[in-house]
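Q: So that you have it, the file is model_20.cif, and it contains mmCIF, N, CA and C atoms:
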data_data
loop_
_atom_site.label_atom_id
_atom_site.label_comp_id
_atom_site.auth_asym_id
_atom_site.auth_seq_id
_atom_site.Cartn_x
_atom_site.Cartn_y
_atom_site.Cartn_z
N MET A 1 146.81 -10.15 11.84
CA MET A 1 148.23 -10.13 11.63
C MET A 1 148.87 -9.64 12.92
N VAL A 2 150.01 -10.23 13.27
CA VAL A 2 150.76 -9.82 14.45
C VAL A 2 152.09 -9.24 13.99
N VAL A 3 152.37 -8.03 14.46
CA VAL A 3 153.60 -7.33 14.12
C VAL A 3 154.39 -7.13 15.40
N PHE A 4 155.67 -7.48 15.39
CA PHE A 4 156.58 -7.18 16.50
C PHE A 4 157.33 -5.90 16.16
N THR A 5 157.59 -5.09 17.18
CA THR A 5 158.27 -3.81 16.98
C THR A 5 159.05 -3.45 18.24
N ASP A 6 159.98 -2.52 18.09
CA ASP A 6 160.69 -2.02 19.27
C ASP A 6 159.97 -0.83 19.89
N ASP A 7 158.90 -0.33 19.23
CA ASP A 7 158.18 0.84 19.75
C ASP A 7 156.71 0.75 19.34
N ARG A 8 155.89 0.26 20.26
CA ARG A 8 154.46 0.07 19.99
C ARG A 8 153.80 1.36 19.53
N ASP A 9 154.06 2.47 20.23
CA ASP A 9 153.35 3.71 19.93
C ASP A 9 153.75 4.28 18.57
N ARG A 10 155.03 4.20 18.21
CA ARG A 10 155.48 4.68 16.91
C ARG A 10 154.83 3.86 15.79
N THR A 11 154.85 2.53 15.95
CA THR A 11 154.30 1.66 14.91
C THR A 11 152.78 1.82 14.79
N ALA A 12 152.09 1.93 15.93
CA ALA A 12 150.63 2.15 15.89
C ALA A 12 150.31 3.48 15.23
N ALA A 13 151.11 4.51 15.51
CA ALA A 13 150.88 5.82 14.89
C ALA A 13 151.09 5.75 13.38
N ALA A 14 152.11 5.01 12.94
CA ALA A 14 152.35 4.86 11.49
C ALA A 14 151.18 4.13 10.83
N LEU A 15 150.65 3.10 11.49
CA LEU A 15 149.50 2.38 10.94
C LEU A 15 148.26 3.27 10.90
N ALA A 16 148.08 4.11 11.93
CA ALA A 16 146.96 5.05 11.95
C ALA A 16 147.09 6.07 10.82
N ALA A 17 148.31 6.54 10.57
CA ALA A 17 148.55 7.50 9.49
C ALA A 17 148.27 6.87 8.12
N ALA A 18 148.37 5.55 8.04
CA ALA A 18 148.09 4.83 6.79
C ALA A 18 146.61 4.48 6.66
N GLY A 19 145.78 4.96 7.59
CA GLY A 19 144.34 4.74 7.49
C GLY A 19 143.77 3.78 8.50
N GLY A 20 144.58 3.26 9.40
CA GLY A 20 144.09 2.34 10.42
C GLY A 20 143.41 3.07 11.56
N ASP A 21 142.58 2.35 12.27
CA ASP A 21 141.85 2.87 13.42
C ASP A 21 142.37 2.17 14.67
N VAL A 22 143.12 2.90 15.51
CA VAL A 22 143.66 2.31 16.73
C VAL A 22 142.49 2.10 17.69
N ARG A 23 142.19 0.83 17.98
CA ARG A 23 141.03 0.49 18.79
C ARG A 23 141.35 0.30 20.26
N ARG A 24 142.56 -0.13 20.56
CA ARG A 24 142.88 -0.45 21.95
C ARG A 24 144.39 -0.44 22.13
N ARG A 25 144.81 0.00 23.30
CA ARG A 25 146.21 -0.08 23.72
C ARG A 25 146.21 -0.67 25.12
N GLY A 26 147.23 -1.42 25.43
CA GLY A 26 147.33 -1.98 26.77
C GLY A 26 148.69 -2.61 26.97
N GLY A 27 148.85 -3.19 28.13
CA GLY A 27 150.10 -3.84 28.46
C GLY A 27 149.93 -4.71 29.68
N PRO A 28 151.05 -5.22 30.18
CA PRO A 28 150.99 -6.08 31.37
C PRO A 28 150.36 -5.35 32.55
N PRO A 29 149.64 -6.03 33.40
CA PRO A 29 149.44 -7.47 33.43
C PRO A 29 148.26 -7.95 32.58
N GLU A 30 147.48 -7.03 32.03
CA GLU A 30 146.32 -7.41 31.22
C GLU A 30 146.72 -8.15 29.94
N LEU A 31 147.77 -7.67 29.29
CA LEU A 31 148.26 -8.26 28.04
C LEU A 31 149.69 -8.74 28.25
N PRO A 32 150.15 -9.68 27.41
CA PRO A 32 151.49 -10.24 27.62
C PRO A 32 152.64 -9.27 27.36
N ALA A 33 152.39 -8.17 26.64
CA ALA A 33 153.41 -7.18 26.32
C ALA A 33 152.68 -5.87 26.03
N PRO A 34 153.39 -4.74 25.95
CA PRO A 34 152.73 -3.52 25.48
C PRO A 34 152.20 -3.78 24.07
N MET A 35 150.90 -3.57 23.88
CA MET A 35 150.27 -3.90 22.59
C MET A 35 149.29 -2.81 22.18
N ALA A 36 149.06 -2.72 20.88
CA ALA A 36 148.02 -1.89 20.31
C ALA A 36 147.30 -2.72 19.26
N PHE A 37 146.03 -2.44 19.07
CA PHE A 37 145.21 -3.17 18.09
C PHE A 37 144.67 -2.16 17.09
N VAL A 38 145.07 -2.31 15.84
CA VAL A 38 144.74 -1.35 14.79
C VAL A 38 143.89 -2.06 13.74
N ARG A 39 142.72 -1.48 13.46
CA ARG A 39 141.78 -2.11 12.52
C ARG A 39 141.82 -1.39 11.17
N PHE A 40 141.87 -2.22 10.12
CA PHE A 40 141.72 -1.79 8.73
C PHE A 40 140.57 -2.62 8.17
N GLY A 41 139.34 -2.14 8.28
CA GLY A 41 138.19 -2.94 7.84
C GLY A 41 138.12 -4.21 8.65
N GLU A 42 138.17 -5.37 7.99
CA GLU A 42 138.11 -6.66 8.68
C GLU A 42 139.46 -7.09 9.26
N LEU A 43 140.54 -6.48 8.77
CA LEU A 43 141.88 -6.84 9.23
C LEU A 43 142.21 -6.14 10.53
N VAL A 44 142.67 -6.89 11.51
CA VAL A 44 143.16 -6.32 12.76
C VAL A 44 144.65 -6.60 12.83
N VAL A 45 145.44 -5.55 13.02
CA VAL A 45 146.88 -5.68 13.19
C VAL A 45 147.17 -5.55 14.68
N GLU A 46 147.72 -6.62 15.27
CA GLU A 46 148.15 -6.58 16.66
C GLU A 46 149.60 -6.14 16.66
N VAL A 47 149.88 -5.03 17.30
CA VAL A 47 151.23 -4.49 17.37
C VAL A 47 151.77 -4.80 18.76
N ALA A 48 152.80 -5.64 18.83
CA ALA A 48 153.38 -6.04 20.12
C ALA A 48 154.80 -5.50 20.23
N GLN A 49 155.06 -4.80 21.32
CA GLN A 49 156.41 -4.30 21.56
C GLN A 49 157.26 -5.46 22.05
N ALA A 50 158.19 -5.91 21.20
CA ALA A 50 158.98 -7.10 21.51
C ALA A 50 160.45 -6.91 21.20
N GLY A 51 160.88 -5.71 20.87
CA GLY A 51 162.27 -5.47 20.55
C GLY A 51 162.61 -5.84 19.12
N GLY A 52 163.75 -5.37 18.67
CA GLY A 52 164.20 -5.67 17.31
C GLY A 52 163.47 -4.84 16.28
N PRO A 53 163.77 -5.07 15.01
CA PRO A 53 163.13 -4.30 13.95
C PRO A 53 161.64 -4.66 13.83
N THR A 54 160.87 -3.74 13.27
CA THR A 54 159.46 -4.01 13.04
C THR A 54 159.34 -5.08 11.96
N ARG A 55 158.54 -6.10 12.26
CA ARG A 55 158.42 -7.24 11.34
C ARG A 55 157.11 -7.97 11.56
N ILE A 56 156.63 -8.64 10.53
CA ILE A 56 155.45 -9.50 10.66
C ILE A 56 155.89 -10.77 11.36
N TRP A 57 155.23 -11.09 12.46
CA TRP A 57 155.57 -12.28 13.22
C TRP A 57 154.62 -13.44 12.89
N GLY A 58 153.34 -13.13 12.70
CA GLY A 58 152.40 -14.21 12.45
C GLY A 58 151.05 -13.71 11.98
N VAL A 59 150.18 -14.67 11.71
CA VAL A 59 148.81 -14.37 11.28
C VAL A 59 147.83 -15.22 12.08
N THR A 60 146.65 -14.68 12.23
CA THR A 60 145.56 -15.41 12.86
C THR A 60 144.44 -15.52 11.84
N ILE A 61 143.92 -16.72 11.68
CA ILE A 61 142.90 -16.99 10.67
C ILE A 61 141.60 -17.34 11.38
N VAL A 62 140.51 -16.68 11.01
CA VAL A 62 139.20 -16.97 11.58
C VAL A 62 138.66 -18.24 10.92
N VAL A 63 138.25 -19.20 11.75
CA VAL A 63 137.70 -20.46 11.24
C VAL A 63 136.33 -20.71 11.89
N PRO A 64 135.39 -21.27 11.14
CA PRO A 64 134.04 -21.46 11.69
C PRO A 64 133.97 -22.52 12.78
N ASP A 65 134.83 -23.54 12.73
CA ASP A 65 134.75 -24.63 13.70
C ASP A 65 136.16 -25.06 14.11
N LEU A 66 136.66 -24.46 15.17
CA LEU A 66 138.01 -24.74 15.65
C LEU A 66 138.17 -26.19 16.08
N ASP A 67 137.16 -26.76 16.71
CA ASP A 67 137.24 -28.14 17.19
C ASP A 67 137.37 -29.15 16.04
N ALA A 68 136.80 -28.83 14.89
CA ALA A 68 136.88 -29.74 13.74
C ALA A 68 138.31 -29.83 13.18
N LEU A 69 139.15 -28.88 13.52
CA LEU A 69 140.51 -28.85 13.01
C LEU A 69 141.53 -29.46 13.95
N ALA A 70 141.09 -29.95 15.09
CA ALA A 70 142.01 -30.54 16.06
C ALA A 70 142.83 -31.64 15.41
N GLY A 71 144.10 -31.70 15.77
CA GLY A 71 144.98 -32.71 15.22
C GLY A 71 146.38 -32.55 15.78
N PRO A 72 147.32 -33.34 15.31
CA PRO A 72 148.66 -33.36 15.89
C PRO A 72 149.47 -32.08 15.68
N LEU A 73 149.08 -31.23 14.75
CA LEU A 73 149.83 -30.00 14.49
C LEU A 73 149.19 -28.77 15.12
N LEU A 74 148.07 -28.95 15.81
CA LEU A 74 147.35 -27.83 16.40
C LEU A 74 147.31 -27.96 17.91
N GLY A 75 147.70 -26.89 18.59
CA GLY A 75 147.68 -26.89 20.05
C GLY A 75 146.26 -26.89 20.60
N GLU A 76 146.17 -27.00 21.89
CA GLU A 76 144.89 -27.01 22.60
C GLU A 76 144.18 -25.66 22.45
N ALA A 77 142.88 -25.69 22.19
CA ALA A 77 142.10 -24.45 22.11
C ALA A 77 142.00 -23.85 23.51
N ARG A 78 142.10 -22.52 23.58
CA ARG A 78 142.05 -21.80 24.86
C ARG A 78 141.30 -20.48 24.65
N PRO A 79 140.89 -19.83 25.73
CA PRO A 79 140.23 -18.53 25.56
C PRO A 79 141.17 -17.52 24.89
N ALA A 80 140.63 -16.76 23.96
CA ALA A 80 141.39 -15.71 23.28
C ALA A 80 141.35 -14.43 24.11
N LEU A 81 142.16 -13.44 23.75
CA LEU A 81 142.11 -12.14 24.42
C LEU A 81 140.74 -11.49 24.25
N GLN A 82 140.10 -11.73 23.11
CA GLN A 82 138.77 -11.17 22.86
C GLN A 82 137.74 -12.04 23.55
N PRO A 83 136.93 -11.46 24.43
CA PRO A 83 135.93 -12.25 25.18
C PRO A 83 135.02 -13.05 24.26
N GLY A 84 134.76 -14.29 24.64
CA GLY A 84 133.84 -15.14 23.91
C GLY A 84 134.45 -15.89 22.74
N ARG A 85 135.72 -15.66 22.47
CA ARG A 85 136.38 -16.35 21.35
C ARG A 85 137.41 -17.33 21.88
N ARG A 86 137.74 -18.34 21.05
CA ARG A 86 138.77 -19.32 21.41
C ARG A 86 139.83 -19.31 20.33
N ILE A 87 141.06 -19.68 20.72
CA ILE A 87 142.19 -19.63 19.81
C ILE A 87 143.08 -20.85 20.02
N ALA A 88 143.72 -21.31 18.98
CA ALA A 88 144.69 -22.39 19.06
C ALA A 88 145.83 -22.07 18.10
N THR A 89 147.05 -22.42 18.48
CA THR A 89 148.20 -22.14 17.64
C THR A 89 148.66 -23.40 16.91
N VAL A 90 149.15 -23.20 15.71
CA VAL A 90 149.74 -24.29 14.94
C VAL A 90 151.16 -24.48 15.47
N TYR A 91 151.53 -25.72 15.76
CA TYR A 91 152.85 -26.01 16.30
C TYR A 91 153.96 -25.66 15.32
N GLY A 92 155.11 -25.29 15.85
CA GLY A 92 156.26 -24.93 15.03
C GLY A 92 156.74 -26.03 14.11
N ASN A 93 156.54 -27.31 14.51
CA ASN A 93 157.00 -28.41 13.66
C ASN A 93 156.13 -28.62 12.42
N ALA A 94 155.13 -27.73 12.22
CA ALA A 94 154.31 -27.80 11.00
C ALA A 94 155.10 -27.30 9.79
N GLY A 95 156.24 -26.64 10.05
CA GLY A 95 157.11 -26.20 8.95
C GLY A 95 156.71 -24.89 8.32
N LEU A 96 155.89 -24.08 8.98
CA LEU A 96 155.47 -22.79 8.43
C LEU A 96 156.51 -21.72 8.75
N SER A 97 156.66 -20.72 7.91
CA SER A 97 157.65 -19.67 8.14
C SER A 97 157.15 -18.58 9.07
N LEU A 98 155.85 -18.46 9.25
CA LEU A 98 155.24 -17.50 10.18
C LEU A 98 154.50 -18.27 11.27
N ALA A 99 154.34 -17.63 12.41
CA ALA A 99 153.48 -18.20 13.44
C ALA A 99 152.04 -18.11 12.92
N VAL A 100 151.26 -19.17 13.16
CA VAL A 100 149.86 -19.20 12.69
C VAL A 100 148.98 -19.62 13.84
N ALA A 101 147.89 -18.89 14.02
CA ALA A 101 146.87 -19.25 15.00
C ALA A 101 145.53 -19.30 14.31
N LEU A 102 144.64 -20.10 14.84
CA LEU A 102 143.26 -20.20 14.34
C LEU A 102 142.35 -19.71 15.44
N ILE A 103 141.34 -18.92 15.10
CA ILE A 103 140.46 -18.33 16.10
C ILE A 103 139.00 -18.45 15.65
N THR A 104 138.11 -18.57 16.62
CA THR A 104 136.67 -18.63 16.32
C THR A 104 136.15 -17.25 15.93
N PRO A 105 135.04 -17.19 15.21
CA PRO A 105 134.49 -15.89 14.80
C PRO A 105 133.98 -15.07 15.99
N ARG A 106 133.74 -13.80 15.73
CA ARG A 106 133.15 -12.90 16.76
C ARG A 106 131.76 -13.36 17.06
#
Let me see the file written as structure tokens.
A:
Amino acid sequence: MVVFTDDRDRTAAALAAAGGDVRRRGGPPELPAPMAFVRFGELVVEVAQAGGPTRIWGVTIVVPDLDALAGPLLGEARPALQPGRRIATVYGNAGLSLAVALITPR
């Protein structure tokens, strides 16, 4: 899950207080924005400082075979932030209300 917030550290701290494990923090130039990664079991919440109220921006779904899903609504697969994984985003014209990405397993 990807969450946008106006304050990465405040939001990551709130998620940690709710039982999450903050695994990583970083920012530019390594990451596209100030970000924190908070794990709740298998769920990873990516907290990106992007301004505005805290809100769910999108979800990433693990799929066993990213190449098998290629089609007109899926962007080109590219390296993910996590080493050894690949990710592709579903185009906005798919009509979904949240941003959706598909990623290969660990």
Q: Report as a ChimeraX atom specification the full result of the PyMOL selection byres (((chain A and resi 59 and name CA) around 8) and name CA) when it is applied to this structure.
A: /A:1-2,57-58,60-61,98-101
Q: Selection in question (the file shown): the PyMOL selection byres ((chain A and resi 21) around 6). Which residues does it include, as number ranges by chain?
A: A: 15-16, 19-20, 22-23, 37-40
Q: Put those residues in a file: N, CA and C atoms, as a PDB file, in the frame of the given file.
A:
ATOM      1  N   LEU A  15     150.650   3.100  11.490  1.00  0.00           N
ATOM      2  CA  LEU A  15     149.500   2.380  10.940  1.00  0.00           C
ATOM      3  C   LEU A  15     148.260   3.270  10.900  1.00  0.00           C
ATOM      4  N   ALA A  16     148.080   4.110  11.930  1.00  0.00           N
ATOM      5  CA  ALA A  16     146.960   5.050  11.950  1.00  0.00           C
ATOM      6  C   ALA A  16     147.090   6.070  10.820  1.00  0.00           C
ATOM      7  N   GLY A  19     145.780   4.960   7.590  1.00  0.00           N
ATOM      8  CA  GLY A  19     144.340   4.740   7.490  1.00  0.00           C
ATOM      9  C   GLY A  19     143.770   3.780   8.500  1.00  0.00           C
ATOM     10  N   GLY A  20     144.580   3.260   9.400  1.00  0.00           N
ATOM     11  CA  GLY A  20     144.090   2.340  10.420  1.00  0.00           C
ATOM     12  C   GLY A  20     143.410   3.070  11.560  1.00  0.00           C
ATOM     13  N   VAL A  22     143.120   2.900  15.510  1.00  0.00           N
ATOM     14  CA  VAL A  22     143.660   2.310  16.730  1.00  0.00           C
ATOM     15  C   VAL A  22     142.490   2.100  17.690  1.00  0.00           C
ATOM     16  N   ARG A  23     142.190   0.830  17.980  1.00  0.00           N
ATOM     17  CA  ARG A  23     141.030   0.490  18.790  1.00  0.00           C
ATOM     18  C   ARG A  23     141.350   0.300  20.260  1.00  0.00           C
ATOM     19  N   PHE A  37     146.030  -2.440  19.070  1.00  0.00           N
ATOM     20  CA  PHE A  37     145.210  -3.170  18.090  1.00  0.00           C
ATOM     21  C   PHE A  37     144.670  -2.160  17.090  1.00  0.00           C
ATOM     22  N   VAL A  38     145.070  -2.310  15.840  1.00  0.00           N
ATOM     23  CA  VAL A  38     144.740  -1.350  14.790  1.00  0.00           C
ATOM     24  C   VAL A  38     143.890  -2.060  13.740  1.00  0.00           C
ATOM     25  N   ARG A  39     142.720  -1.480  13.460  1.00  0.00           N
ATOM     26  CA  ARG A  39     141.780  -2.110  12.520  1.00  0.00           C
ATOM     27  C   ARG A  39     141.820  -1.390  11.170  1.00  0.00           C
ATOM     28  N   PHE A  40     141.870  -2.220  10.120  1.00  0.00           N
ATOM     29  CA  PHE A  40     141.720  -1.790   8.730  1.00  0.00           C
ATOM     30  C   PHE A  40     140.570  -2.620   8.170  1.00  0.00           C
TER      31      PHE A  40
END
Q: When you count all atoms listed in the file, which of these residues is closest to A:Ala36: A:Val63, A:Arg86, A:Arg8, A:Ala77?
A: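 Using all atoms listed in the file, the shortest distance to A:Ala36 belongs to A:Arg8.
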Q: Can you pull out the residues contacting stretch 48-56 of chain A? Cut-off 5 Å, using all atoms listed in the file, and skip same-chain residues under 6 positions away; I want them as a ChimeraX atom specification.
A: /A:2-6,8,34-35
Q: List every protein, DNA or RNA residue that has an atom no more than 8 Å from (143.9, -20.5, 20.2) in the file's coordinate frame, counting only N, CA and C atoms, and report them as JSON, numbers by chain.
A: {"A": [75, 76, 77, 78, 79, 80, 85, 86, 87, 88, 89, 90, 101, 102, 103, 104]}
Q: One decimal, in Å: what's the spacing between atom C of A:Leu31 and atom N of A:Asp9?
A: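 Atom C of A:Leu31 sits 14.5 Å away from atom N of A:Asp9.
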Q: Taking the chain letters and numbering used in this document, name the residues of chain A that DSSP puts in strand (DSSP E), as a PyMOL selection string.
A: chain A and resi 2-5+21-26+35-40+43-49+55-62+78-79+86-89+99-103
Q: Please produce a file of the residues just selected, as a tab-separated table (two decimals), in the coordinates of the input, where the atoms kept are N, CA and C atoms.
A:
chain	number	residue	atom	x	y	z
A	2	VAL	N	150.01	-10.23	13.27
A	2	VAL	CA	150.76	-9.82	14.45
A	2	VAL	C	152.09	-9.24	13.99
A	3	VAL	N	152.37	-8.03	14.46
A	3	VAL	CA	153.60	-7.33	14.12
A	3	VAL	C	154.39	-7.13	15.40
A	4	PHE	N	155.67	-7.48	15.39
A	4	PHE	CA	156.58	-7.18	16.50
A	4	PHE	C	157.33	-5.90	16.16
A	5	THR	N	157.59	-5.09	17.18
A	5	THR	CA	158.27	-3.81	16.98
A	5	THR	C	159.05	-3.45	18.24
A	21	ASP	N	142.58	2.35	12.27
A	21	ASP	CA	141.85	2.87	13.42
A	21	ASP	C	142.37	2.17	14.67
A	22	VAL	N	143.12	2.90	15.51
A	22	VAL	CA	143.66	2.31	16.73
A	22	VAL	C	142.49	2.10	17.69
A	23	ARG	N	142.19	0.83	17.98
A	23	ARG	CA	141.03	0.49	18.79
A	23	ARG	C	141.35	0.30	20.26
A	24	ARG	N	142.56	-0.13	20.56
A	24	ARG	CA	142.88	-0.45	21.95
A	24	ARG	C	144.39	-0.44	22.13
A	25	ARG	N	144.81	0.00	23.30
A	25	ARG	CA	146.21	-0.08	23.72
A	25	ARG	C	146.21	-0.67	25.12
A	26	GLY	N	147.23	-1.42	25.43
A	26	GLY	CA	147.33	-1.98	26.77
A	26	GLY	C	148.69	-2.61	26.97
A	35	MET	N	150.90	-3.57	23.88
A	35	MET	CA	150.27	-3.90	22.59
A	35	MET	C	149.29	-2.81	22.18
A	36	ALA	N	149.06	-2.72	20.88
A	36	ALA	CA	148.02	-1.89	20.31
A	36	ALA	C	147.30	-2.72	19.26
A	37	PHE	N	146.03	-2.44	19.07
A	37	PHE	CA	145.21	-3.17	18.09
A	37	PHE	C	144.67	-2.16	17.09
A	38	VAL	N	145.07	-2.31	15.84
A	38	VAL	CA	144.74	-1.35	14.79
A	38	VAL	C	143.89	-2.06	13.74
A	39	ARG	N	142.72	-1.48	13.46
A	39	ARG	CA	141.78	-2.11	12.52
A	39	ARG	C	141.82	-1.39	11.17
A	40	PHE	N	141.87	-2.22	10.12
A	40	PHE	CA	141.72	-1.79	8.73
A	40	PHE	C	140.57	-2.62	8.17
A	43	LEU	N	140.54	-6.48	8.77
A	43	LEU	CA	141.88	-6.84	9.23
A	43	LEU	C	142.21	-6.14	10.53
A	44	VAL	N	142.67	-6.89	11.51
A	44	VAL	CA	143.16	-6.32	12.76
A	44	VAL	C	144.65	-6.60	12.83
A	45	VAL	N	145.44	-5.55	13.02
A	45	VAL	CA	146.88	-5.68	13.19
A	45	VAL	C	147.17	-5.55	14.68
A	46	GLU	N	147.72	-6.62	15.27
A	46	GLU	CA	148.15	-6.58	16.66
A	46	GLU	C	149.60	-6.14	16.66
A	47	VAL	N	149.88	-5.03	17.30
A	47	VAL	CA	151.23	-4.49	17.37
A	47	VAL	C	151.77	-4.80	18.76
A	48	ALA	N	152.80	-5.64	18.83
A	48	ALA	CA	153.38	-6.04	20.12
A	48	ALA	C	154.80	-5.50	20.23
A	49	GLN	N	155.06	-4.80	21.32
A	49	GLN	CA	156.41	-4.30	21.56
A	49	GLN	C	157.26	-5.46	22.05
A	55	ARG	N	158.54	-6.10	12.26
A	55	ARG	CA	158.42	-7.24	11.34
A	55	ARG	C	157.11	-7.97	11.56
A	56	ILE	N	156.63	-8.64	10.53
A	56	ILE	CA	155.45	-9.50	10.66
A	56	ILE	C	155.89	-10.77	11.36
A	57	TRP	N	155.23	-11.09	12.46
A	57	TRP	CA	155.57	-12.28	13.22
A	57	TRP	C	154.62	-13.44	12.89
A	58	GLY	N	153.34	-13.13	12.70
A	58	GLY	CA	152.40	-14.21	12.45
A	58	GLY	C	151.05	-13.71	11.98
A	59	VAL	N	150.18	-14.67	11.71
A	59	VAL	CA	148.81	-14.37	11.28
A	59	VAL	C	147.83	-15.22	12.08
A	60	THR	N	146.65	-14.68	12.23
A	60	THR	CA	145.56	-15.41	12.86
A	60	THR	C	144.44	-15.52	11.84
A	61	ILE	N	143.92	-16.72	11.68
A	61	ILE	CA	142.90	-16.99	10.67
A	61	ILE	C	141.60	-17.34	11.38
A	62	VAL	N	140.51	-16.68	11.01
A	62	VAL	CA	139.20	-16.97	11.58
A	62	VAL	C	138.66	-18.24	10.92
A	78	ARG	N	142.10	-22.52	23.58
A	78	ARG	CA	142.05	-21.80	24.86
A	78	ARG	C	141.30	-20.48	24.65
A	79	PRO	N	140.89	-19.83	25.73
A	79	PRO	CA	140.23	-18.53	25.56
A	79	PRO	C	141.17	-17.52	24.89
A	86	ARG	N	137.74	-18.34	21.05
A	86	ARG	CA	138.77	-19.32	21.41
A	86	ARG	C	139.83	-19.31	20.33
A	87	ILE	N	141.06	-19.68	20.72
A	87	ILE	CA	142.19	-19.63	19.81
A	87	ILE	C	143.08	-20.85	20.02
A	88	ALA	N	143.72	-21.31	18.98
A	88	ALA	CA	144.69	-22.39	19.06
A	88	ALA	C	145.83	-22.07	18.10
A	89	THR	N	147.05	-22.42	18.48
A	89	THR	CA	148.20	-22.14	17.64
A	89	THR	C	148.66	-23.40	16.91
A	99	ALA	N	154.34	-17.63	12.41
A	99	ALA	CA	153.48	-18.20	13.44
A	99	ALA	C	152.04	-18.11	12.92
A	100	VAL	N	151.26	-19.17	13.16
A	100	VAL	CA	149.86	-19.20	12.69
A	100	VAL	C	148.98	-19.62	13.84
A	101	ALA	N	147.89	-18.89	14.02
A	101	ALA	CA	146.87	-19.25	15.00
A	101	ALA	C	145.53	-19.30	14.31
A	102	LEU	N	144.64	-20.10	14.84
A	102	LEU	CA	143.26	-20.20	14.34
A	102	LEU	C	142.35	-19.71	15.44
A	103	ILE	N	141.34	-18.92	15.10
A	103	ILE	CA	140.46	-18.33	16.10
A	103	ILE	C	139.00	-18.45	15.65
Q: What residues in chain A get the DSSP label alpha helix (DSSP H)? Please answer as number ranges by chain.
A: A: 8-17
Q: Using only C-alpha atoms, find the one residue out of A:Gly84, A:Gly27, A:Gly92, A:Pro105 that sits nearest to A:Asp65.
A: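 Nearest candidate to A:Asp65 out of A:Gly84, A:Gly27, A:Gly92, A:Pro105: A:Pro105.
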Q: Out of A:Leu96, A:Pro28, A:Thr11, A:Tyr91, which residue has the shortest atom-to-atom distance to A:Pro72 when counting all atoms listed in the file?
A: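 Comparing A:Leu96, A:Pro28, A:Thr11, A:Tyr91 against A:Pro72, the winner is A:Tyr91.
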Q: Let me make sure I understand: among A:Ala33, A:Arg25, A:Ala94, A:Val62, which one has the smallest atom-to-atom distance to A:Leu74 if we use only C-alpha atoms?
A: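 So, comparing all the options, the nearest one is A:Ala94.
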